[in-house]
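S.K.: JSON, C-alpha atoms and all ligand atoms, file my_file.json:
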```
[["chain", "number", "residue", "atom", "x", "y", "z"],
["A", 1, "MET", "CA", 16.35, -2.25, 5.31],
["A", 2, "GLU", "CA", 13.05, -3.95, 4.44],
["A", 3, "GLN", "CA", 10.64, -2.24, 2.04],
["A", 4, "THR", "CA", 6.93, -2.65, 1.30],
["A", 5, "PHE", "CA", 4.60, -1.43, -1.42],
["A", 6, "ILE", "CA", 1.41, 0.54, -0.79],
["A", 7, "ILE", "CA", -1.41, 1.76, -3.02],
["A", 8, "LEU", "CA", -3.73, 4.49, -1.77],
["A", 9, "LYS", "CA", -6.76, 3.27, -3.70],
["A", 10, "PRO", "CA", -9.35, 5.45, -5.47],
["A", 11, "SER", "CA", -11.54, 5.18, -2.34],
["A", 12, "THR", "CA", -8.82, 7.10, -0.45],
["A", 13, "ILE", "CA", -8.55, 9.75, -3.15],
["A", 14, "ASN", "CA", -12.32, 10.18, -3.54],
["A", 15, "ARG", "CA", -12.89, 10.43, 0.19],
["A", 16, "GLY", "CA", -10.10, 12.89, 0.85],
["A", 17, "LEU", "CA", -8.19, 10.53, 3.14],
["A", 18, "VAL", "CA", -4.75, 10.73, 1.49],
["A", 19, "GLY", "CA", -3.26, 12.86, 4.27],
["A", 20, "ASP", "CA", -4.80, 10.82, 7.08],
["A", 21, "VAL", "CA", -3.43, 7.54, 5.73],
["A", 22, "ILE", "CA", 0.06, 8.86, 4.97],
["A", 23, "THR", "CA", 0.19, 10.54, 8.39],
["A", 24, "ARG", "CA", -0.42, 7.19, 10.07],
["A", 25, "PHE", "CA", 2.54, 5.64, 8.28],
["A", 26, "GLN", "CA", 4.79, 8.59, 9.13],
["A", 27, "ARG", "CA", 3.73, 8.73, 12.77],
["A", 28, "LYS", "CA", 4.54, 5.05, 13.10],
["A", 29, "GLY", "CA", 8.13, 5.88, 12.12],
["A", 30, "LEU", "CA", 8.15, 4.45, 8.60],
["A", 31, "ILE", "CA", 10.34, 6.14, 6.01],
["A", 32, "ILE", "CA", 8.77, 7.18, 2.70],
["A", 33, "ALA", "CA", 11.26, 5.82, 0.17],
["A", 34, "GLY", "CA", 9.14, 6.52, -2.91],
["A", 35, "ILE", "CA", 5.80, 8.18, -3.72],
["A", 36, "LYS", "CA", 3.97, 9.15, -6.91],
["A", 37, "MET", "CA", 0.53, 9.42, -8.53],
["A", 38, "MET", "CA", -0.39, 7.19, -11.45],
["A", 39, "GLN", "CA", -3.39, 5.96, -13.42],
["A", 40, "LEU", "CA", -3.70, 2.15, -13.28],
["A", 41, "ASP", "CA", -4.85, 0.21, -16.37],
["A", 42, "GLU", "CA", -6.11, -3.33, -17.10],
["A", 43, "LYS", "CA", -2.63, -4.63, -17.90],
["A", 44, "ILE", "CA", -0.99, -3.70, -14.60],
["A", 45, "LEU", "CA", -4.08, -4.71, -12.60],
["A", 46, "ARG", "CA", -4.13, -8.17, -14.18],
["A", 47, "GLU", "CA", -0.52, -8.61, -13.04],
["A", 48, "HIS", "CA", -0.98, -7.04, -9.62],
["A", 49, "TYR", "CA", -4.18, -8.98, -8.87],
["A", 50, "ALA", "CA", -3.19, -12.16, -10.80],
["A", 51, "HIS", "CA", -4.42, -14.28, -7.87],
["A", 52, "LEU", "CA", -7.93, -12.83, -8.34],
["A", 53, "VAL", "CA", -8.48, -12.54, -12.12],
["A", 54, "ASP", "CA", -10.79, -15.57, -12.22],
["A", 55, "ARG", "CA", -12.94, -14.44, -9.29],
["A", 56, "PRO", "CA", -16.45, -13.16, -10.09],
["A", 57, "PHE", "CA", -15.75, -9.80, -8.46],
["A", 58, "PHE", "CA", -12.65, -9.10, -10.58],
["A", 59, "PRO", "CA", -14.39, -6.85, -13.19],
["A", 60, "LEU", "CA", -15.77, -4.67, -10.38],
["A", 61, "LEU", "CA", -12.40, -4.59, -8.63],
["A", 62, "GLU", "CA", -10.67, -3.56, -11.86],
["A", 63, "LYS", "CA", -13.20, -0.77, -12.47],
["A", 64, "SER", "CA", -12.88, 0.42, -8.88],
["A", 65, "MET", "CA", -9.05, 0.52, -9.06],
["A", 66, "MET", "CA", -9.18, 2.60, -12.26],
["A", 67, "ALA", "CA", -11.85, 5.05, -11.04],
["A", 68, "THR", "CA", -9.28, 7.78, -10.26],
["A", 69, "PRO", "CA", -5.49, 7.94, -10.31],
["A", 70, "VAL", "CA", -3.93, 6.28, -7.28],
["A", 71, "ILE", "CA", -0.94, 7.14, -5.09],
["A", 72, "VAL", "CA", 1.71, 4.44, -4.89],
["A", 73, "MET", "CA", 4.33, 4.37, -2.15],
["A", 74, "VAL", "CA", 7.37, 2.45, -1.02],
["A", 75, "LEU", "CA", 7.78, 2.44, 2.78],
["A", 76, "ARG", "CA", 10.96, 1.40, 4.56],
["A", 77, "GLY", "CA", 11.52, 0.10, 8.10],
["A", 78, "ILE", "CA", 12.52, -2.92, 10.14],
["A", 79, "ASP", "CA", 9.92, -5.70, 9.54],
["A", 80, "VAL", "CA", 7.92, -3.16, 7.53],
["A", 81, "VAL", "CA", 5.91, -5.73, 5.53],
["A", 82, "SER", "CA", 4.29, -7.30, 8.57],
["A", 83, "VAL", "CA", 4.11, -4.00, 10.49],
["A", 84, "VAL", "CA", 2.14, -2.37, 7.65],
["A", 85, "ARG", "CA", -0.17, -5.38, 7.14],
["A", 86, "GLY", "CA", -1.00, -5.09, 10.83],
["A", 87, "MET", "CA", -1.68, -1.36, 10.49],
["A", 88, "VAL", "CA", -3.91, -1.94, 7.43],
["A", 89, "GLY", "CA", -6.11, -4.65, 8.97],
["A", 90, "ALA", "CA", -8.37, -7.34, 7.53],
["A", 91, "THR", "CA", -9.44, -7.15, 3.87],
["A", 92, "ASN", "CA", -13.09, -6.38, 4.65],
["A", 93, "CYS", "CA", -13.29, -3.00, 6.42],
["A", 94, "ARG", "CA", -16.38, -4.12, 8.32],
["A", 95, "LYS", "CA", -14.38, -6.96, 9.87],
["A", 96, "ALA", "CA", -11.13, -5.04, 10.32],
["A", 97, "THR", "CA", -10.24, -4.25, 13.92],
["A", 98, "PRO", "CA", -10.87, -0.65, 15.03],
["A", 99, "GLY", "CA", -7.52, 1.12, 15.21],
["A", 100, "THR", "CA", -6.43, -0.29, 11.85],
["A", 101, "ILE", "CA", -6.64, 1.85, 8.70],
["A", 102, "ARG", "CA", -9.42, -0.27, 7.19],
["A", 103, "GLY", "CA", -11.11, -0.64, 10.57],
["A", 104, "ASP", "CA", -11.18, 3.13, 11.10],
["A", 105, "PHE", "CA", -11.73, 4.53, 7.60],
["A", 106, "GLY", "CA", -13.91, 2.10, 5.64],
["A", 107, "MET", "CA", -17.15, 0.12, 5.47],
["A", 108, "SER", "CA", -16.54, -1.97, 2.32],
["A", 109, "GLY", "CA", -14.83, -5.22, 1.42],
["A", 110, "GLN", "CA", -13.71, -3.90, -1.94],
["A", 111, "GLU", "CA", -13.37, -0.15, -1.38],
["A", 112, "ASN", "CA", -10.89, -0.82, 1.38],
["A", 113, "ILE", "CA", -8.63, 2.26, 1.25],
["A", 114, "VAL", "CA", -5.19, 0.71, 0.76],
["A", 115, "HIS", "CA", -3.24, -2.14, -0.76],
["A", 116, "ALA", "CA", -0.19, -3.40, 1.15],
["A", 117, "SER", "CA", 2.20, -6.21, 0.13],
["A", 118, "ASP", "CA", 1.56, -9.48, 1.97],
["A", 119, "SER", "CA", 5.14, -10.88, 1.97],
["A", 120, "ILE", "CA", 8.73, -9.73, 1.55],
["A", 121, "GLU", "CA", 8.92, -11.62, -1.76],
["A", 122, "ASN", "CA", 5.74, -10.03, -3.13],
["A", 123, "ALA", "CA", 6.86, -6.59, -1.93],
["A", 124, "ALA", "CA", 10.00, -6.84, -4.08],
["A", 125, "VAL", "CA", 7.97, -7.94, -7.12],
["A", 126, "GLU", "CA", 5.36, -5.20, -6.61],
["A", 127, "ILE", "CA", 7.94, -2.44, -6.08],
["A", 128, "ALA", "CA", 9.67, -3.45, -9.32],
["A", 129, "ARG", "CA", 6.30, -3.50, -11.12],
["A", 130, "PHE", "CA", 5.31, 0.04, -10.12],
["A", 131, "PHE", "CA", 8.60, 1.94, -9.59],
["A", 132, "ARG", "CA", 11.76, 2.54, -11.58],
["A", 133, "PRO", "CA", 14.92, 2.13, -9.44],
["A", 134, "GLU", "CA", 15.69, 5.87, -9.61],
["A", 135, "GLU", "CA", 12.27, 6.68, -8.12],
["A", 136, "ILE", "CA", 13.22, 5.01, -4.83],
["A", 137, "PHE", "CA", 15.39, 7.08, -2.52],
["A", 138, "ASP", "CA", 17.88, 5.90, 0.07],
["A", 139, "TYR", "CA", 18.35, 8.77, 2.52],
["A", 140, "GLU", "CA", 18.81, 9.37, 6.20],
["A", 141, "GLN", "CA", 15.65, 10.86, 7.73],
["A", 142, "LEU", "CA", 16.68, 13.16, 10.63],
["A", 143, "THR", "CA", 14.31, 11.49, 13.08],
["A", 144, "PHE", "CA", 15.83, 8.08, 12.40],
["A", 145, "PRO", "CA", 18.04, 7.90, 15.54],
["A", 146, "ALA", "CA", 14.97, 8.68, 17.66],
["A", 147, "ILE", "CA", 12.82, 6.02, 15.99],
["A", 148, "TYR", "CA", 15.18, 3.08, 16.49],
["A", 149, "SER", "CA", 17.72, 1.98, 19.07],
["A", 150, "PRO", "CA", 21.03, 0.46, 17.94],
["A", 151, "ASP", "CA", 19.62, -2.64, 19.64],
["A", 152, "ASP", "CA", 16.92, -2.92, 16.93],
["A", 153, "PHE", "CA", 19.46, -3.65, 14.19],
["B", 1, "LIG", "N1", -11.49, -8.09, -2.94],
["B", 1, "LIG", "C1", -12.86, -8.05, -3.22],
["B", 1, "LIG", "N2", -13.64, -9.11, -2.81],
["B", 1, "LIG", "C2", -13.13, -10.20, -2.18],
["B", 1, "LIG", "C3", -11.74, -10.23, -1.91],
["B", 1, "LIG", "C4", -10.95, -9.18, -2.31],
["B", 1, "LIG", "O1", -13.34, -7.09, -3.80],
["B", 1, "LIG", "O2", -13.89, -11.13, -1.85],
["B", 1, "LIG", "C5", -10.64, -6.97, -3.34],
["B", 1, "LIG", "C6", -10.29, -6.02, -2.19],
["B", 1, "LIG", "O3", -10.24, -4.69, -2.69],
["B", 1, "LIG", "C7", -8.90, -6.51, -1.80],
["B", 1, "LIG", "C8", -8.32, -6.90, -3.16],
["B", 1, "LIG", "O4", -9.42, -7.47, -3.87],
["B", 1, "LIG", "O5", -8.14, -5.52, -1.15],
["B", 1, "LIG", "C9", -7.18, -7.89, -3.07],
["B", 1, "LIG", "O6", -7.60, -9.03, -2.37],
["B", 1, "LIG", "P1", -6.63, -9.75, -1.32],
["B", 1, "LIG", "O7", -7.26, -11.07, -0.97],
["B", 1, "LIG", "O8", -5.23, -9.76, -1.85],
["B", 1, "LIG", "O9", -6.77, -8.83, -0.01],
["B", 1, "LIG", "P2", -5.76, -7.77, 0.65],
["B", 1, "LIG", "O10", -4.36, -8.33, 0.52],
["B", 1, "LIG", "O11", -5.92, -6.45, -0.08],
["B", 1, "LIG", "O12", -6.21, -7.67, 2.09],
["B", 2, "MG", "MG", -3.42, -9.01, -1.21]]
```
As structure tokens, please, write out the structure in this file.
M.R.:
Amino acid sequence: MEQTFIILKPSTINRGLVGDVITRFQRKGLIIAGIKMMQLDEKILREHYAHLVDRPFFPLLEKSMMATPVIVMVLRGIDVVSVVRGMVGATNCRKATPGTIRGDFGMSGQENIVHASDSIENAAVEIARFFRPEEIFDYEQLTFPAIYSPDDF
């Protein structure tokens, strides 16, 4: 089943929103396949945000992403990459639709609560960058038969 990669950014840690954000993913019916806390550094951020390293805001972004440890997650579900991007909302929290995580929990373009992979290909690359294979668990959550119909597969 499809997997996506999430970072609960330092803004989530500092504002005490870890539980609220994880609860949203669980209530939606997404399976937590991996979860851990880690301190990001310049090296991993330059890889993760390679598309942004030349942008003027990159030094601020880097500092912001290293301000506290972060929580990284792998979520699993049918079409999970696009489902989670929809739940997260637009990059700038002030423009994100109410009801989305960024739309409900933030006011900043940079301090925007979560990272979520933007494609299936990038999700695979990001999961491999942040997790060892043995840190990702394939298990049958008991609620699974109530979340999906056989027709969904
Ligand atoms: N970002 C920023 N200023 C910008 C664009 C992006 O500070 O003008 C930050 C913001 O924290 C964003 C991250 O860089 O989440 C990655 O940018 P991307 O365009 O990949 O947005 P996302 O996929 O997170 O919505
Ligand atoms: Mg992105």
S.K.: With a cut-off of 7 Å, could you pull out the residues of chain A touching ligand MG 2 (chain B) and give me the nearest pair of atoms for each, distance in Å to one decimal, using all atoms listed in the file, ordered by chain and ascending number, as CSV?
M.R.:
```
residue,atom,partner,partner_atom,distance
A:His115,CA,B:MG2,MG,6.9
A:Ala116,CA,B:MG2,MG,6.9
A:Ser117,CA,B:MG2,MG,6.4
A:Asp118,CA,B:MG2,MG,5.9
```
S.K.: If you measure from CA of Glu62 (chain A) to atom O6 of ligand LIG 1 (chain B), what distance in Å do you get, rounded to one decimal?
M.R.: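 Computing the Euclidean distance for CA of Glu62 (chain A) and atom O6 of ligand LIG 1 (chain B) yields 11.4 Å.
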S.K.: Between A:Asp138, A:Glu111, A:Asp152, A:Glu121, single out the one closest to ligand LIG 1 (chain B), counting only C-alpha atoms and all ligand atoms.
M.R.: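 Closest candidate: A:Glu111.
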S.K.: Kindly compile the residues surrounding ligand LIG 1 (chain B) within 8 Å, counting only C-alpha atoms and all ligand atoms, and format them as a list in words.
M.R.: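 The residues near ligand LIG 1 (chain B) are Tyr49, His51, Leu52, Phe57, Phe58, Leu60, Leu61, Gly89, Ala90, Thr91, Asn92, Gly109, Gln110, Glu111, Asn112, Val114, His115, Ala116, Ser117 and Asp118 of chain A.
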S.K.: Taking (3.3, -0.8, 2.9) in the file's coordinates as the center, which residues reach within 12 Å of it, counting all atoms listed in the file, put as number ranges by chain?
M.R.: A: 2-8, 21-22, 24-26, 28, 30-35, 72-89, 101, 114-120, 122-124, 126-127
S.K.: What is the distance between CA of Arg15 (chain A) and CA of Gly103 (chain A), in Å to one decimal?
M.R.: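 Rounded to one decimal, the two atoms are 15.3 Å apart.
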